[in-house]
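**Q** Okay, handing you the structure first.
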Amino acid sequence: MDTLALLSAAVAVLLYPGGAYLAGAALLAGGRAAAAPARWTPPAVAAAACAVFAAALLPLPGSPATSLPGRTGPTANLLGVLLLLAAAVVLTGPPRWPARRLVLAGAATLPALVLAVAAATFSLPVIVGLPGGRLGLARDLAAAAVLVAAPLLVPDEPATTPPPARAVVLGVVVLAGMSLWVPATLPRLPGVAAAAVVLAAVALFGRLAPGLRPAVARPATAVAVAAALAAAVLGAIAARP
């Protein structure tokens, strides 16, 4: 195997789409706060690093992963992505974990694990590409659960987390949700157009998240939980022989 080609492929996966999306996602999710000077604490630096590696593993539009050595390229392991995102959220968010935040964390992760069982693999490119009406709907609902839960999982608390670090983590969580939906829903859309759709969703969340008030948290949690449960049920049904 060509060592230089393999190294180039590894760098491509780390920098694109992960790095390219990450830069745009952070700026769109945090707005001016993402580029403003801030005091980066060690937990914030670690959270951003986890988010960078998680973004590099996501099956985003235009990813070169499917063209790398092997049938499906390097394994974008679902468990690895979930672990990295969990670490980023924990390091970025406040130290307290109320019941609602724990429920949202479960709603964001459970459907993806059920989809992995249905696909009999933890490879993300395989999970997002499996055909079938039930699996497709389950992926859509799983993506909705992640997207609704994202702003509440990564609350805006400048006193505990510098805004740029929060913007990076929030942007990657939204990217993770979109990566469950875009590849199968818009398979024929050119890479640039699909990337625009993904980053437009990040921008929308960047504008909506600061306006979320406590009164919105309860219905948003209910929507996320309902979408997660429906996705889990559909995924479990699809997994049956």
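Starting from 1 in every chain, residues are counted up; chains themselves are A, B, ... following the order of the structure tokens, and ligands are numbered from 1 as listed.
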Would you pick out the contacts of Leu153 in chain A at 12 Å or less, using only C-alpha atoms, so that residues sharing its chain but fewer than 5 positions from it are not included, and give the list as a VMD selection string?
**A** chain A and resid 85 to 86 88 to 94 96 to 109 145 to 148 166 169 to 171 173 to 174 209 217 220 to 221 224
**Q** Next, the residues of the selection above should be written as a compact mmCIF listing (two decimals), in the first residue's frame with N, CA and C atoms.
**A**
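Saved to out.txt:
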# COMPACT_ATOMS: atom_id res chain seq x y z
N LEU A 85 -18.38 13.00 21.45
CA LEU A 85 -19.39 14.04 21.65
C LEU A 85 -19.82 14.13 23.11
N ALA A 86 -19.94 12.98 23.76
CA ALA A 86 -20.30 12.99 25.18
C ALA A 86 -19.24 13.72 25.99
N ALA A 88 -17.17 16.01 24.90
CA ALA A 88 -17.22 17.44 24.56
C ALA A 88 -18.36 18.15 25.28
N VAL A 89 -19.52 17.51 25.32
CA VAL A 89 -20.69 18.11 25.99
C VAL A 89 -20.44 18.23 27.49
N VAL A 90 -19.89 17.18 28.09
CA VAL A 90 -19.64 17.21 29.53
C VAL A 90 -18.62 18.29 29.88
N LEU A 91 -17.57 18.41 29.09
CA LEU A 91 -16.52 19.39 29.38
C LEU A 91 -16.97 20.82 29.10
N THR A 92 -17.92 20.98 28.18
CA THR A 92 -18.37 22.32 27.81
C THR A 92 -19.50 22.82 28.69
N GLY A 93 -20.39 21.93 29.07
CA GLY A 93 -21.58 22.33 29.81
C GLY A 93 -21.30 22.59 31.28
N PRO A 94 -22.30 23.05 31.98
CA PRO A 94 -22.16 23.29 33.42
C PRO A 94 -21.98 21.96 34.17
N ARG A 96 -23.45 20.80 36.70
CA ARG A 96 -24.69 20.18 37.17
C ARG A 96 -25.42 19.52 36.00
N TRP A 97 -26.03 18.38 36.28
CA TRP A 97 -26.78 17.64 35.26
C TRP A 97 -28.19 17.39 35.79
N PRO A 98 -29.11 18.35 35.57
CA PRO A 98 -30.50 18.12 36.00
C PRO A 98 -31.12 16.98 35.22
N ALA A 99 -32.27 16.52 35.72
CA ALA A 99 -32.93 15.37 35.10
C ALA A 99 -33.25 15.63 33.64
N ARG A 100 -33.67 16.85 33.30
CA ARG A 100 -34.04 17.13 31.91
C ARG A 100 -32.84 16.96 30.98
N ARG A 101 -31.69 17.39 31.43
CA ARG A 101 -30.49 17.28 30.57
C ARG A 101 -30.08 15.82 30.39
N LEU A 102 -30.24 15.02 31.43
CA LEU A 102 -29.95 13.59 31.31
C LEU A 102 -30.92 12.91 30.34
N VAL A 103 -32.19 13.29 30.41
CA VAL A 103 -33.18 12.72 29.50
C VAL A 103 -32.85 13.10 28.06
N LEU A 104 -32.45 14.34 27.84
CA LEU A 104 -32.09 14.79 26.49
C LEU A 104 -30.86 14.04 25.96
N ALA A 105 -29.91 13.79 26.85
CA ALA A 105 -28.73 13.04 26.43
C ALA A 105 -29.12 11.62 25.99
N GLY A 106 -30.02 11.01 26.73
CA GLY A 106 -30.50 9.68 26.34
C GLY A 106 -31.27 9.72 25.04
N ALA A 107 -32.09 10.77 24.85
CA ALA A 107 -32.87 10.88 23.61
C ALA A 107 -31.97 11.08 22.40
N ALA A 108 -30.83 11.72 22.59
CA ALA A 108 -29.94 11.98 21.47
C ALA A 108 -29.10 10.75 21.09
N THR A 109 -28.89 9.84 22.03
CA THR A 109 -27.99 8.71 21.77
C THR A 109 -28.72 7.39 21.52
N ALA A 145 -34.36 14.21 16.89
CA ALA A 145 -34.12 14.16 18.33
C ALA A 145 -32.81 14.86 18.68
N VAL A 146 -31.77 14.61 17.89
CA VAL A 146 -30.47 15.24 18.15
C VAL A 146 -30.55 16.75 17.96
N LEU A 147 -31.20 17.18 16.89
CA LEU A 147 -31.26 18.60 16.58
C LEU A 147 -32.08 19.37 17.61
N VAL A 148 -33.17 18.78 18.08
CA VAL A 148 -33.98 19.46 19.09
C VAL A 148 -33.26 19.51 20.43
N ARG A 166 -18.12 26.71 23.29
CA ARG A 166 -19.52 26.27 23.18
C ARG A 166 -19.97 26.26 21.73
N VAL A 169 -18.66 23.07 20.00
CA VAL A 169 -19.35 21.85 20.42
C VAL A 169 -20.78 21.83 19.90
N LEU A 170 -21.49 22.95 20.03
CA LEU A 170 -22.86 23.01 19.52
C LEU A 170 -22.89 22.76 18.01
N GLY A 171 -21.96 23.37 17.30
CA GLY A 171 -21.92 23.17 15.86
C GLY A 171 -21.70 21.72 15.48
N VAL A 173 -22.42 19.02 17.33
CA VAL A 173 -23.61 18.23 17.68
C VAL A 173 -24.67 18.37 16.59
N VAL A 174 -24.86 19.58 16.10
CA VAL A 174 -25.83 19.79 15.00
C VAL A 174 -25.34 19.08 13.73
N ALA A 209 -30.80 29.22 19.27
CA ALA A 209 -30.35 28.76 20.58
C ALA A 209 -30.29 29.87 21.62
N ALA A 217 -38.08 24.90 27.12
CA ALA A 217 -37.31 23.69 27.41
C ALA A 217 -38.21 22.47 27.56
N ALA A 220 -39.69 21.30 24.15
CA ALA A 220 -38.59 20.81 23.33
C ALA A 220 -38.12 19.45 23.81
N THR A 221 -38.08 19.26 25.12
CA THR A 221 -37.70 17.96 25.67
C THR A 221 -38.72 16.90 25.28
N ALA A 224 -38.17 15.95 21.63
CA ALA A 224 -36.96 15.15 21.46
C ALA A 224 -37.18 13.72 21.93
**Q** Smallest atom-to-atom distance to Ala222 in chain A: which of A:Ala149, A:Val117, A:Ala46, A:Leu110, using only C-alpha atoms?
**A**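 So, comparing all the options, the nearest one is A:Ala149.
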**Q** Residues at most 12 Å from range 231-240 of chain A, counting only C-alpha atoms, excluding those fewer than 2 positions away in the same chain, as a PyMOL selection string?
**A** chain A and resi 106-121+127+130-146+180+224-229
**Q** Kindly export the residues of the current selection with N, CA and C atoms, as a tab-separated table (two decimals), in the first residue's frame.
**A**
chain	number	residue	atom	x	y	z
A	106	GLY	N	-30.02	11.01	26.73
A	106	GLY	CA	-30.50	9.68	26.34
A	106	GLY	C	-31.27	9.72	25.04
A	107	ALA	N	-32.09	10.77	24.85
A	107	ALA	CA	-32.87	10.88	23.61
A	107	ALA	C	-31.97	11.08	22.40
A	108	ALA	N	-30.83	11.72	22.59
A	108	ALA	CA	-29.94	11.98	21.47
A	108	ALA	C	-29.10	10.75	21.09
A	109	THR	N	-28.89	9.84	22.03
A	109	THR	CA	-27.99	8.71	21.77
A	109	THR	C	-28.72	7.39	21.52
A	110	LEU	N	-29.87	7.17	22.17
A	110	LEU	CA	-30.55	5.88	22.06
A	110	LEU	C	-30.91	5.50	20.62
A	111	PRO	N	-31.51	6.40	19.83
A	111	PRO	CA	-31.89	5.99	18.46
A	111	PRO	C	-30.69	5.56	17.63
A	112	ALA	N	-29.56	6.24	17.78
A	112	ALA	CA	-28.39	5.87	16.99
A	112	ALA	C	-27.91	4.47	17.34
A	113	LEU	N	-27.98	4.11	18.61
A	113	LEU	CA	-27.57	2.76	19.01
A	113	LEU	C	-28.54	1.71	18.47
A	114	VAL	N	-29.82	2.02	18.47
A	114	VAL	CA	-30.81	1.08	17.92
A	114	VAL	C	-30.59	0.92	16.42
A	115	LEU	N	-30.28	2.00	15.72
A	115	LEU	CA	-29.99	1.92	14.29
A	115	LEU	C	-28.75	1.06	14.04
A	116	ALA	N	-27.78	1.15	14.93
A	116	ALA	CA	-26.59	0.31	14.78
A	116	ALA	C	-26.93	-1.16	14.93
A	117	VAL	N	-27.84	-1.46	15.85
A	117	VAL	CA	-28.29	-2.85	16.01
A	117	VAL	C	-29.03	-3.31	14.75
A	118	ALA	N	-29.88	-2.43	14.22
A	118	ALA	CA	-30.62	-2.79	13.01
A	118	ALA	C	-29.69	-3.02	11.82
A	119	ALA	N	-28.61	-2.24	11.76
A	119	ALA	CA	-27.67	-2.38	10.66
A	119	ALA	C	-26.63	-3.46	10.92
A	120	ALA	N	-26.58	-3.96	12.17
A	120	ALA	CA	-25.59	-4.98	12.57
A	120	ALA	C	-24.17	-4.49	12.37
A	121	THR	N	-23.95	-3.19	12.59
A	121	THR	CA	-22.61	-2.62	12.46
A	121	THR	C	-22.59	-1.27	13.18
A	127	ILE	N	-24.64	2.75	8.36
A	127	ILE	CA	-25.89	3.04	9.08
A	127	ILE	C	-26.72	4.09	8.34
A	130	LEU	N	-28.21	2.57	4.71
A	130	LEU	CA	-29.06	1.40	4.54
A	130	LEU	C	-30.42	1.79	3.96
A	131	PRO	N	-30.91	1.05	2.97
A	131	PRO	CA	-32.22	1.35	2.38
A	131	PRO	C	-33.36	0.84	3.25
A	132	GLY	N	-34.56	1.25	2.91
A	132	GLY	CA	-35.74	0.79	3.63
A	132	GLY	C	-36.53	1.95	4.19
A	133	GLY	N	-37.85	1.89	4.01
A	133	GLY	CA	-38.69	2.98	4.47
A	133	GLY	C	-38.66	3.18	5.97
A	134	ARG	N	-38.72	2.07	6.72
A	134	ARG	CA	-38.72	2.18	8.18
A	134	ARG	C	-37.40	2.71	8.70
A	135	LEU	N	-36.30	2.18	8.15
A	135	LEU	CA	-35.00	2.67	8.58
A	135	LEU	C	-34.80	4.13	8.20
A	136	GLY	N	-35.29	4.52	7.03
A	136	GLY	CA	-35.18	5.92	6.63
A	136	GLY	C	-35.94	6.84	7.57
A	137	LEU	N	-37.15	6.45	7.93
A	137	LEU	CA	-37.93	7.26	8.85
A	137	LEU	C	-37.29	7.27	10.23
A	138	ALA	N	-36.74	6.13	10.64
A	138	ALA	CA	-36.06	6.07	11.94
A	138	ALA	C	-34.87	7.01	11.97
A	139	ARG	N	-34.11	7.06	10.88
A	139	ARG	CA	-32.97	7.98	10.81
A	139	ARG	C	-33.43	9.43	10.87
A	140	ASP	N	-34.53	9.74	10.17
A	140	ASP	CA	-35.05	11.11	10.20
A	140	ASP	C	-35.45	11.50	11.61
A	141	LEU	N	-36.13	10.60	12.30
A	141	LEU	CA	-36.56	10.89	13.67
A	141	LEU	C	-35.37	10.99	14.62
A	142	ALA	N	-34.37	10.13	14.41
A	142	ALA	CA	-33.17	10.20	15.23
A	142	ALA	C	-32.46	11.54	15.04
A	143	ALA	N	-32.39	12.00	13.79
A	143	ALA	CA	-31.79	13.29	13.51
A	143	ALA	C	-32.58	14.41	14.18
A	144	ALA	N	-33.90	14.33	14.12
A	144	ALA	CA	-34.74	15.35	14.77
A	144	ALA	C	-34.50	15.38	16.27
A	145	ALA	N	-34.36	14.21	16.89
A	145	ALA	CA	-34.12	14.16	18.33
A	145	ALA	C	-32.81	14.86	18.68
A	146	VAL	N	-31.77	14.61	17.89
A	146	VAL	CA	-30.47	15.24	18.15
A	146	VAL	C	-30.55	16.75	17.96
A	180	LEU	N	-27.02	12.23	9.99
A	180	LEU	CA	-27.95	11.10	9.97
A	180	LEU	C	-29.03	11.28	8.91
A	224	ALA	N	-38.17	15.95	21.63
A	224	ALA	CA	-36.96	15.15	21.46
A	224	ALA	C	-37.18	13.72	21.93
A	225	VAL	N	-37.83	13.56	23.08
A	225	VAL	CA	-38.08	12.22	23.62
A	225	VAL	C	-39.03	11.45	22.71
A	226	ALA	N	-40.09	12.11	22.24
A	226	ALA	CA	-41.05	11.44	21.36
A	226	ALA	C	-40.37	10.99	20.07
A	227	ALA	N	-39.55	11.85	19.48
A	227	ALA	CA	-38.84	11.49	18.25
A	227	ALA	C	-37.87	10.34	18.50
A	228	ALA	N	-37.18	10.37	19.64
A	228	ALA	CA	-36.23	9.31	19.97
A	228	ALA	C	-36.92	7.97	20.16
A	229	LEU	N	-38.03	7.98	20.88
A	229	LEU	CA	-38.75	6.73	21.11
A	229	LEU	C	-39.31	6.16	19.82
**Q** Between CA of Ala195 in chain A and CA of Val126 in chain A, what is the spacing in Å?
**A**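 Separating CA of Val126 in chain A from CA of Ala195 in chain A is a distance of 19.7 Å.
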**Q** Do a neighbour search on Val198 in chain A at 9 Å with only C-alpha atoms, toss out local chain neighbours closer than 3 positions, and write the hits as a list in words.
**A**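 Skipping anything fewer than 3 positions along the chain leaves Tyr21, Ala25, Leu60, Pro61, Val174, Leu175, Met178, Ser179, Val182, Ala193, Ala194, Ala195, Ala201, Val202 and Ala203 of chain A.
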**Q** Determine which residues of range 74-209 of chain A DSSP labels as alpha helix (DSSP H) from the backbone of this structure, then write them out as number ranges by chain.
**A** A: 78-92, 99-119, 124-129, 133-153, 163-185, 191-208
**Q** One number please: CA of Gly129 in chain A to CA of Phe53 in chain A, in Å, one decimal.
**A**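 The value is 21.7 Å.
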